[in-house]
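Only one structure is covered here, and it is reproduced in the block below.
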Amino acid sequence: MMLNLGRKPVKKFPVNPRVRAYGKARLDIASRAQSTSDWDKLWKNPAYPFPFTWGEYWKQCIEYKVDDFAAEVGFYTDILGLPVNALDPGYAMFTSPGGDFFIAIVPTLDSTRSTPPDAIRIQFMVADVFGTATELERRGIKLEQWPQPCADGSTLYIGYFRSPHGICVDLWGLVAGGDKTNPEPSVAIAPEDESVKPIVQSESEDEHCLDSDLEVELQNSDQDTEQTSEMDLESLSEPEEMAEYEYVNEEDI
């Protein structure tokens with residue numbers, strides 16, 4: 001028997017069993033629906049309506065912690081050219097010219113740790129995926145994957161690069177007829193302004209940022225809890241108590 005002496009205690013979070021039952025019922029619908037008419041027949045309204053009334057300044061933001069705060073700020077402002085929504089020595093928030101999204105970063109403190117680079121992934125859907133990729137390389141960003149089809153014969157292309165902290169940023173784009181009019185460059189494109197130094201990206205040979213196979217795996221080992229095909233989402237009652245499950249943070253292993 002081999003002991004993992006370096007493993008840290010497992011974090012536990014309370015989970016409402018009814019929430020899991022809702023999810024299993026939805027996944028069952030996804031596994032059975034083969035057409036639009038199937039979706040219309042099987043899909044039901046959410047158990048609860050949308051609860052949010054948006055505030056005045058922004059609607060939603062993804063925030064993460066970084067060790068090199070200055071590098072991440074410079075990357076989003078001067079390399080990607082994102083407008084700054086808020087900025088001080090301990091916080092930065094960025095958006096797009098149209099305010100379509102918000103990204104925030106904070107520096108780590110002595111008692112905190114930065115966000116694991118693969119904990120989140122940012123995705124942008126662009127009109128010209130090849131043109132955008134070429135422009136990013138001109139600015140000194142090295143793409144880890146040049147835009148390529150998500151699957152054989154697909155017109156949906158995807159490439160990706162990373163922020164200085166290692167956060168993966170995907171570029172999605174439709175290419176009419178799958179026409180690769182802009183193949184991957186054989187050499188790195190030097191920045192037009194020599195004062196702009198290439199961005200050194202985080203490297204990880206063992207991790208794959210892109211998962212092009214978007215599949216839902218249904219677990220069928222427990223027939224008593226997995227018979228969601230007959231489940232009525234609206235008939236699920238409140239549980240008497242909360243259950244707990246073990247959530248393992250990969251960074252803690």
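Please note that chains go A, B, ... in the order of the structure tokens, that every chain numbers its residues from 1, and that ligands are numbered from 1 in the order shown.
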
Open item on the list: At a cut-off of 8 Å, using only C-alpha atoms, what residues contact segment 114-128 of chain A? Leave out same-chain residues fewer than 5 positions from it and give the result as a list in words.
Closed with: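 Residues meeting the cut-off are Tyr64, Lys65, Val66, Asp67, Pro107, Thr108, His165, Gly166, Ile167, Cys168, Val169, Asp170, Leu171, Trp172, Gly173, Leu174, Cys209 and Glu251 of chain A.
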
Open item on the list: At a cut-off of 8 Å, using only C-alpha atoms, what residues contact Leu143 of chain A? Leave out same-chain residues fewer than 4 positions from it and give the result as a list of chain:residue names.
Closed with: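 So the residues in contact are A:Ala133, A:Glu137, A:Gly159, A:Tyr160, A:Phe161, A:Arg162.
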
Kindly export the residues of the current selection with C-alpha atoms, as a PDB file, in the first residue's frame.
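The result, stored in result_20.pdb:
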ATOM      1  CA  ALA A 133      -4.255  35.458 -34.416  1.00  0.00           C
ATOM      2  CA  GLU A 137       1.567  37.396 -32.879  1.00  0.00           C
ATOM      3  CA  GLY A 159      -6.676  28.608 -31.240  1.00  0.00           C
ATOM      4  CA  TYR A 160      -5.351  29.713 -27.881  1.00  0.00           C
ATOM      5  CA  PHE A 161      -2.668  31.635 -26.029  1.00  0.00           C
ATOM      6  CA  ARG A 162      -1.969  32.438 -22.378  1.00  0.00           C
TER       7      ARG A 162
END

Open item on the list: So that I can check the surroundings of segment 89-95 of chain A, please list as a VMD selection string every protein, DNA and RNA residue that reaches within 10 Å of it, counting only C-alpha atoms and ignoring chain neighbours fewer than 3 positions away.
Closed with: chain A and resid 58 61 to 63 65 69 to 70 72 to 73 76 to 77 81 to 86 98 to 109

TODO: Go through A:Asp68, A:Lys11, A:Arg26, A:Arg20 one by one, measure the shortest atom-to-atom distance of each to Arg113 of chain A using only C-alpha atoms, and give the residue with the smallest value.
DONE: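 Using only C-alpha atoms, Arg113 of chain A sits closest to A:Asp68.
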